[in-house]
$ cat structure27.txt   # compact mmCIF, N, CA, C and O atoms
# COMPACT_ATOMS: atom_id res chain seq x y z
N MET A 1 19.15 7.11 -6.51
CA MET A 1 18.19 6.50 -5.62
C MET A 1 18.96 5.60 -4.64
O MET A 1 19.86 4.88 -5.02
N MET A 2 18.58 5.68 -3.37
CA MET A 2 19.24 4.87 -2.36
C MET A 2 18.21 4.03 -1.62
O MET A 2 17.14 4.53 -1.26
N ASN A 3 18.53 2.78 -1.41
CA ASN A 3 17.67 1.86 -0.67
C ASN A 3 18.38 1.38 0.58
O ASN A 3 19.56 1.02 0.52
N LYS A 4 17.66 1.37 1.70
CA LYS A 4 18.23 0.91 2.97
C LYS A 4 17.18 0.10 3.70
O LYS A 4 16.06 0.59 3.94
N ILE A 5 17.51 -1.13 4.06
CA ILE A 5 16.57 -1.96 4.83
C ILE A 5 16.47 -1.37 6.24
O ILE A 5 17.47 -1.18 6.91
N VAL A 6 15.22 -1.09 6.65
CA VAL A 6 15.01 -0.44 7.95
C VAL A 6 14.19 -1.30 8.91
O VAL A 6 13.97 -0.90 10.05
N GLY A 7 13.73 -2.47 8.46
CA GLY A 7 12.97 -3.32 9.36
C GLY A 7 12.29 -4.46 8.65
O GLY A 7 12.53 -4.71 7.46
N ASN A 8 11.45 -5.14 9.41
CA ASN A 8 10.69 -6.28 8.91
C ASN A 8 9.29 -6.23 9.48
O ASN A 8 9.05 -5.56 10.48
N VAL A 9 8.40 -6.98 8.86
CA VAL A 9 7.06 -7.20 9.40
C VAL A 9 6.85 -8.70 9.48
O VAL A 9 7.61 -9.49 8.90
N THR A 10 5.81 -9.10 10.18
CA THR A 10 5.49 -10.53 10.28
C THR A 10 4.86 -11.00 8.96
O THR A 10 4.34 -10.18 8.19
N PRO A 11 4.87 -12.29 8.72
CA PRO A 11 4.19 -12.80 7.53
C PRO A 11 2.70 -12.43 7.49
O PRO A 11 2.16 -12.14 6.43
N GLN A 12 2.05 -12.38 8.63
CA GLN A 12 0.63 -11.99 8.68
C GLN A 12 0.46 -10.52 8.30
O GLN A 12 -0.48 -10.17 7.57
N GLU A 13 1.35 -9.67 8.80
CA GLU A 13 1.30 -8.26 8.44
C GLU A 13 1.58 -8.08 6.96
O GLU A 13 0.93 -7.29 6.27
N ARG A 14 2.54 -8.83 6.43
CA ARG A 14 2.86 -8.80 5.01
C ARG A 14 1.67 -9.22 4.17
O ARG A 14 1.35 -8.60 3.16
N ASP A 15 0.99 -10.29 4.60
CA ASP A 15 -0.17 -10.77 3.85
C ASP A 15 -1.26 -9.72 3.77
O ASP A 15 -1.92 -9.56 2.74
N HIS A 16 -1.45 -8.98 4.86
CA HIS A 16 -2.49 -7.95 4.89
C HIS A 16 -2.17 -6.82 3.91
O HIS A 16 -3.03 -6.41 3.12
N ILE A 17 -0.93 -6.32 3.93
CA ILE A 17 -0.59 -5.22 3.02
C ILE A 17 -0.54 -5.71 1.58
O ILE A 17 -0.88 -4.97 0.66
N GLN A 18 -0.16 -6.95 1.37
CA GLN A 18 -0.14 -7.48 0.01
C GLN A 18 -1.55 -7.55 -0.57
O GLN A 18 -1.77 -7.21 -1.73
N MET A 19 -2.51 -7.96 0.25
CA MET A 19 -3.90 -8.00 -0.20
C MET A 19 -4.39 -6.60 -0.55
O MET A 19 -5.01 -6.38 -1.59
N LEU A 20 -4.08 -5.62 0.30
CA LEU A 20 -4.49 -4.24 0.03
C LEU A 20 -3.78 -3.69 -1.21
O LEU A 20 -4.39 -3.00 -2.03
N PHE A 21 -2.51 -4.01 -1.37
CA PHE A 21 -1.73 -3.57 -2.52
C PHE A 21 -2.34 -4.10 -3.82
O PHE A 21 -2.54 -3.36 -4.78
N GLU A 22 -2.64 -5.39 -3.83
CA GLU A 22 -3.21 -6.01 -5.03
C GLU A 22 -4.61 -5.47 -5.32
O GLU A 22 -4.97 -5.23 -6.47
N ARG A 23 -5.39 -5.27 -4.28
CA ARG A 23 -6.74 -4.74 -4.46
C ARG A 23 -6.69 -3.32 -5.02
O ARG A 23 -7.40 -2.96 -5.95
N ARG A 24 -5.82 -2.49 -4.44
CA ARG A 24 -5.69 -1.11 -4.90
C ARG A 24 -5.24 -1.06 -6.35
O ARG A 24 -5.77 -0.29 -7.16
N ASN A 25 -4.26 -1.90 -6.71
CA ASN A 25 -3.79 -1.93 -8.09
C ASN A 25 -4.90 -2.38 -9.04
O ASN A 25 -5.06 -1.81 -10.13
N GLY A 26 -5.67 -3.38 -8.64
CA GLY A 26 -6.77 -3.84 -9.47
C GLY A 26 -7.83 -2.77 -9.66
O GLY A 26 -8.35 -2.57 -10.77
N LEU A 27 -8.17 -2.08 -8.59
CA LEU A 27 -9.16 -1.00 -8.67
C LEU A 27 -8.64 0.15 -9.55
O LEU A 27 -9.40 0.73 -10.33
N ASN A 28 -7.35 0.47 -9.44
CA ASN A 28 -6.77 1.52 -10.28
C ASN A 28 -6.83 1.14 -11.76
O ASN A 28 -7.08 2.00 -12.61
N GLU A 29 -6.63 -0.13 -12.08
CA GLU A 29 -6.74 -0.59 -13.46
C GLU A 29 -8.18 -0.51 -13.94
O GLU A 29 -8.45 -0.13 -15.08
N LEU A 30 -9.11 -0.85 -13.07
CA LEU A 30 -10.53 -0.81 -13.42
C LEU A 30 -10.99 0.62 -13.68
O LEU A 30 -11.78 0.87 -14.59
N VAL A 31 -10.47 1.56 -12.91
CA VAL A 31 -10.83 2.98 -13.11
C VAL A 31 -10.46 3.42 -14.52
O VAL A 31 -11.17 4.23 -15.13
N LYS A 32 -9.37 2.88 -15.06
CA LYS A 32 -8.90 3.28 -16.39
C LYS A 32 -9.87 2.87 -17.50
O LYS A 32 -9.91 3.51 -18.54
N VAL A 33 -10.61 1.78 -17.28
CA VAL A 33 -11.47 1.27 -18.35
C VAL A 33 -12.96 1.54 -18.11
O VAL A 33 -13.75 1.46 -19.04
N LEU A 34 -13.33 1.85 -16.89
CA LEU A 34 -14.73 2.10 -16.57
C LEU A 34 -15.06 3.57 -16.79
O LEU A 34 -14.32 4.45 -16.36
N THR A 35 -16.15 3.81 -17.44
CA THR A 35 -16.58 5.19 -17.67
C THR A 35 -17.65 5.56 -16.66
O THR A 35 -18.36 4.70 -16.14
N PRO A 36 -17.79 6.84 -16.37
CA PRO A 36 -18.81 7.29 -15.41
C PRO A 36 -20.24 7.10 -15.91
O PRO A 36 -21.18 7.41 -15.21
N ASP A 37 -20.41 6.57 -17.14
CA ASP A 37 -21.75 6.34 -17.68
C ASP A 37 -22.57 5.42 -16.78
O ASP A 37 -23.76 5.62 -16.59
N ASN A 38 -21.93 4.39 -16.24
CA ASN A 38 -22.60 3.47 -15.32
C ASN A 38 -22.41 4.06 -13.91
O ASN A 38 -21.51 3.68 -13.18
N THR A 39 -23.27 4.99 -13.58
CA THR A 39 -23.11 5.80 -12.36
C THR A 39 -23.00 4.95 -11.10
O THR A 39 -22.11 5.17 -10.27
N GLU A 40 -23.88 3.98 -10.94
CA GLU A 40 -23.88 3.17 -9.72
C GLU A 40 -22.57 2.39 -9.57
O GLU A 40 -21.96 2.41 -8.50
N LEU A 41 -22.13 1.73 -10.62
CA LEU A 41 -20.88 0.96 -10.56
C LEU A 41 -19.69 1.88 -10.38
O LEU A 41 -18.78 1.59 -9.59
N TYR A 42 -19.68 3.00 -11.08
CA TYR A 42 -18.59 3.96 -10.97
C TYR A 42 -18.47 4.51 -9.55
O TYR A 42 -17.38 4.58 -8.99
N GLU A 43 -19.60 4.85 -8.95
CA GLU A 43 -19.58 5.37 -7.58
C GLU A 43 -19.10 4.32 -6.59
O GLU A 43 -18.37 4.63 -5.65
N ARG A 44 -19.51 3.08 -6.78
CA ARG A 44 -19.04 1.99 -5.92
C ARG A 44 -17.53 1.80 -6.06
O ARG A 44 -16.82 1.58 -5.07
N LEU A 45 -17.05 1.89 -7.29
CA LEU A 45 -15.62 1.74 -7.55
C LEU A 45 -14.82 2.86 -6.88
O LEU A 45 -13.82 2.60 -6.20
N VAL A 46 -15.27 4.08 -7.04
CA VAL A 46 -14.58 5.23 -6.45
C VAL A 46 -14.57 5.11 -4.92
O VAL A 46 -13.56 5.35 -4.27
N LYS A 47 -15.71 4.70 -4.35
CA LYS A 47 -15.80 4.54 -2.90
C LYS A 47 -14.85 3.44 -2.42
O LYS A 47 -14.12 3.62 -1.45
N ASP A 48 -14.85 2.30 -3.11
CA ASP A 48 -13.98 1.18 -2.73
C ASP A 48 -12.52 1.56 -2.87
O ASP A 48 -11.69 1.25 -2.00
N LEU A 49 -12.18 2.28 -3.93
CA LEU A 49 -10.80 2.71 -4.13
C LEU A 49 -10.37 3.66 -3.00
O LEU A 49 -9.27 3.54 -2.47
N GLY A 50 -11.24 4.57 -2.63
CA GLY A 50 -10.92 5.49 -1.53
C GLY A 50 -10.73 4.76 -0.22
O GLY A 50 -9.77 5.02 0.52
N GLU A 51 -11.61 3.82 0.09
CA GLU A 51 -11.50 3.06 1.33
C GLU A 51 -10.25 2.19 1.34
O GLU A 51 -9.55 2.10 2.36
N THR A 52 -9.96 1.56 0.21
CA THR A 52 -8.77 0.71 0.13
C THR A 52 -7.50 1.53 0.25
O THR A 52 -6.55 1.13 0.94
N THR A 53 -7.46 2.69 -0.38
CA THR A 53 -6.29 3.57 -0.30
C THR A 53 -6.08 4.04 1.14
O THR A 53 -4.95 4.09 1.63
N THR A 54 -7.16 4.34 1.84
CA THR A 54 -7.06 4.75 3.24
C THR A 54 -6.53 3.60 4.10
O THR A 54 -5.65 3.81 4.94
N LYS A 55 -7.06 2.40 3.90
CA LYS A 55 -6.58 1.23 4.66
C LYS A 55 -5.11 0.98 4.37
O LYS A 55 -4.34 0.63 5.27
N PHE A 56 -4.70 1.13 3.11
CA PHE A 56 -3.31 0.94 2.70
C PHE A 56 -2.40 1.92 3.44
O PHE A 56 -1.40 1.53 4.04
N GLN A 57 -2.76 3.20 3.43
CA GLN A 57 -1.95 4.21 4.12
C GLN A 57 -1.96 4.00 5.62
O GLN A 57 -0.93 4.17 6.29
N ASN A 58 -3.11 3.62 6.19
CA ASN A 58 -3.19 3.37 7.62
C ASN A 58 -2.27 2.22 8.04
O ASN A 58 -1.67 2.26 9.11
N TRP A 59 -2.17 1.19 7.18
CA TRP A 59 -1.27 0.07 7.48
C TRP A 59 0.15 0.58 7.61
O TRP A 59 0.84 0.26 8.56
N TRP A 60 0.60 1.39 6.64
CA TRP A 60 1.97 1.92 6.69
C TRP A 60 2.17 2.81 7.92
O TRP A 60 3.21 2.71 8.59
N ASP A 61 1.19 3.65 8.22
CA ASP A 61 1.29 4.51 9.40
C ASP A 61 1.37 3.69 10.68
O ASP A 61 2.19 3.97 11.56
N ASP A 62 0.52 2.67 10.80
CA ASP A 62 0.49 1.82 11.99
C ASP A 62 1.79 1.04 12.15
O ASP A 62 2.35 0.95 13.25
N MET A 63 2.30 0.47 11.06
CA MET A 63 3.53 -0.31 11.14
C MET A 63 4.73 0.59 11.43
O MET A 63 5.62 0.21 12.20
N ALA A 64 4.75 1.78 10.84
CA ALA A 64 5.85 2.71 11.12
C ALA A 64 5.88 3.09 12.59
O ALA A 64 6.95 3.17 13.21
N ALA A 65 4.71 3.31 13.17
CA ALA A 65 4.64 3.64 14.59
C ALA A 65 5.02 2.44 15.46
O ALA A 65 5.75 2.57 16.44
N LYS A 66 4.55 1.28 15.07
CA LYS A 66 4.83 0.06 15.84
C LYS A 66 6.32 -0.29 15.85
O LYS A 66 6.88 -0.62 16.89
N TYR A 67 6.95 -0.22 14.68
CA TYR A 67 8.34 -0.67 14.55
C TYR A 67 9.36 0.47 14.56
O TYR A 67 10.56 0.22 14.54
N GLN A 68 8.88 1.72 14.55
CA GLN A 68 9.78 2.89 14.60
C GLN A 68 10.82 2.86 13.49
O GLN A 68 12.01 3.04 13.72
N TRP A 69 10.34 2.65 12.25
CA TRP A 69 11.25 2.62 11.11
C TRP A 69 11.88 3.99 10.88
O TRP A 69 11.24 5.03 11.07
N GLU A 70 13.10 3.96 10.42
CA GLU A 70 13.77 5.18 10.00
C GLU A 70 13.00 5.78 8.83
O GLU A 70 12.46 5.06 7.99
N SER A 71 12.95 7.10 8.79
CA SER A 71 12.28 7.79 7.68
C SER A 71 13.15 8.96 7.24
O SER A 71 14.16 9.27 7.89
N ALA A 72 12.75 9.60 6.15
CA ALA A 72 13.49 10.74 5.64
C ALA A 72 12.55 11.59 4.80
O ALA A 72 11.52 11.11 4.31
N VAL A 73 12.92 12.85 4.62
CA VAL A 73 12.14 13.75 3.78
C VAL A 73 12.23 13.26 2.34
O VAL A 73 13.29 12.82 1.89
N ASN A 74 11.13 13.32 1.63
CA ASN A 74 11.05 12.88 0.23
C ASN A 74 11.48 11.43 0.04
O ASN A 74 12.15 11.09 -0.93
N ALA A 75 11.12 10.59 1.00
CA ALA A 75 11.43 9.17 0.92
C ALA A 75 10.15 8.38 1.17
O ALA A 75 9.16 8.92 1.65
N ASN A 76 10.18 7.12 0.82
CA ASN A 76 9.04 6.26 1.12
C ASN A 76 9.55 4.86 1.44
O ASN A 76 10.69 4.51 1.16
N TRP A 77 8.67 4.09 2.07
CA TRP A 77 9.01 2.71 2.39
C TRP A 77 8.43 1.80 1.33
O TRP A 77 7.39 2.07 0.74
N GLN A 78 9.13 0.70 1.11
CA GLN A 78 8.64 -0.36 0.24
C GLN A 78 8.79 -1.67 0.99
O GLN A 78 9.66 -1.82 1.85
N ILE A 79 7.94 -2.64 0.63
CA ILE A 79 8.02 -3.95 1.25
C ILE A 79 8.44 -4.97 0.20
O ILE A 79 7.99 -4.91 -0.95
N ASN A 80 9.31 -5.87 0.60
CA ASN A 80 9.63 -7.02 -0.23
C ASN A 80 8.69 -8.13 0.23
O ASN A 80 8.82 -8.64 1.34
N PHE A 81 7.73 -8.49 -0.62
CA PHE A 81 6.73 -9.46 -0.23
C PHE A 81 7.32 -10.85 0.00
O PHE A 81 6.75 -11.66 0.72
N ASN A 82 8.49 -11.13 -0.57
CA ASN A 82 9.12 -12.44 -0.38
C ASN A 82 9.82 -12.56 0.96
O ASN A 82 9.83 -13.63 1.56
N THR A 83 10.42 -11.47 1.42
CA THR A 83 11.25 -11.53 2.63
C THR A 83 10.63 -10.82 3.83
O THR A 83 11.18 -10.93 4.94
N CYS A 84 9.58 -10.05 3.62
CA CYS A 84 8.94 -9.23 4.66
C CYS A 84 9.81 -8.06 5.10
O CYS A 84 9.55 -7.43 6.12
N GLU A 85 10.85 -7.75 4.34
CA GLU A 85 11.73 -6.64 4.68
C GLU A 85 11.13 -5.31 4.21
O GLU A 85 10.55 -5.24 3.13
N ILE A 86 11.35 -4.29 5.01
CA ILE A 86 10.92 -2.94 4.69
C ILE A 86 12.17 -2.13 4.32
O ILE A 86 13.16 -2.13 5.05
N THR A 87 12.08 -1.47 3.17
CA THR A 87 13.21 -0.70 2.66
C THR A 87 12.80 0.77 2.58
O THR A 87 11.70 1.10 2.14
N LEU A 88 13.71 1.63 3.04
CA LEU A 88 13.54 3.07 2.88
C LEU A 88 14.17 3.46 1.55
O LEU A 88 15.34 3.18 1.29
N VAL A 89 13.37 4.07 0.69
CA VAL A 89 13.82 4.48 -0.63
C VAL A 89 13.89 6.00 -0.68
O VAL A 89 12.89 6.67 -0.45
N THR A 90 15.09 6.52 -0.95
CA THR A 90 15.28 7.96 -1.01
C THR A 90 15.84 8.36 -2.36
O THR A 90 16.49 7.56 -3.04
N ASP A 91 15.61 9.61 -2.74
CA ASP A 91 16.13 10.15 -3.99
C ASP A 91 17.45 10.84 -3.72
O ASP A 91 17.53 12.07 -3.70
N VAL A 92 18.46 10.07 -3.48
CA VAL A 92 19.80 10.64 -3.19
C VAL A 92 20.74 10.27 -4.30
O VAL A 92 20.72 9.24 -4.86
$ encode --input "structure27.txt" --output "C-alpha cells"
Amino acid sequence: MMNKIVGNVTPQERDHIQMLFERRNGLNELVKVLTPDNTELYERLVKDLGETTTKFQNWWDDMAAKYQWESAVNANWQINFNTCEITLVTDV
C-alpha cells in the first residue's frame, strides 16, 4: 500500500466531510442492529443512509474537481481530520 499527500482542504471543508463521515458511520452501525420489523423507522434509516452516502461521495467529487487532486486506478483518497491533508492511497 502506498500513500501520497496530494492536497489539502480548508478547515470548513474538513468539518463538513467529518460530519458526513461520522453520520454515515453511525447510520451503518444502526443498520446492523435495527431489524426491518419496524418498517417506518427502517425505511427512514435506509433513506437517510442513502442520502448521506450520496452527500459524502458528492463532497469528494466536488473537492477533487476543485483542487484537481492526483488520482489513480484502484486508488482512493483519505482525509486526515487533524491536518486537513488529502492522501491518495493505492494498492502498490
$ residues_around --input "structure27.txt" --residues "Asp48 in chain A" --least-positions-apart "5" --cutoff "9 Å" --atoms "only C-alpha atoms" --output "number ranges by chain"
A: 24, 27, 43, 53
$ write_last_selection --input "structure27.txt" --atoms "N, CA, C and O atoms" --output "tab-separated table (two decimals), in the frame of the given file"
chain	number	residue	atom	x	y	z
A	24	ARG	N	-5.82	-2.49	-4.44
A	24	ARG	CA	-5.69	-1.11	-4.90
A	24	ARG	C	-5.24	-1.06	-6.35
A	24	ARG	O	-5.77	-0.29	-7.16
A	27	LEU	N	-8.17	-2.08	-8.59
A	27	LEU	CA	-9.16	-1.00	-8.67
A	27	LEU	C	-8.64	0.15	-9.55
A	27	LEU	O	-9.40	0.73	-10.33
A	43	GLU	N	-19.60	4.85	-8.95
A	43	GLU	CA	-19.58	5.37	-7.58
A	43	GLU	C	-19.10	4.32	-6.59
A	43	GLU	O	-18.37	4.63	-5.65
A	53	THR	N	-7.46	2.69	-0.38
A	53	THR	CA	-6.29	3.57	-0.30
A	53	THR	C	-6.08	4.04	1.14
A	53	THR	O	-4.95	4.09	1.63
$ atom_distance --input "structure27.txt" --atom1 "CA of Gln18 in chain A" --atom2 "CA of Glu70 in chain A"
21.3 Å
$ residues_around --input "structure27.txt" --residues "range 81-84 of chain A" --least-positions-apart "2" --cutoff "12 Å" --atoms "only C-alpha atoms" --output "list in words"
Ile5, Val6, Gly7, Asn8, Val9, Thr10, Pro11, Gln12, Glu13, Arg14, Asp15, His16, Ile17, Gln18, Met19, Phe21, Glu22, Gln78, Ile79, Ile86 and Thr87 of chain A
$ axis_aligned_box --input "structure27.txt" --around "range 78-90 of chain A" --padding-each-side "8 Å" --output "AutoDock Vina command-line options"
--center_x 11.6 --center_y -2.6 --center_z 1.5 --size_x 25.8 --size_y 38.0 --size_z 25.2
$ atom_distance --input "structure27.txt" --atom1 "CA of Thr54 in chain A" --atom2 "CA of Glu29 in chain A"
17.5 Å
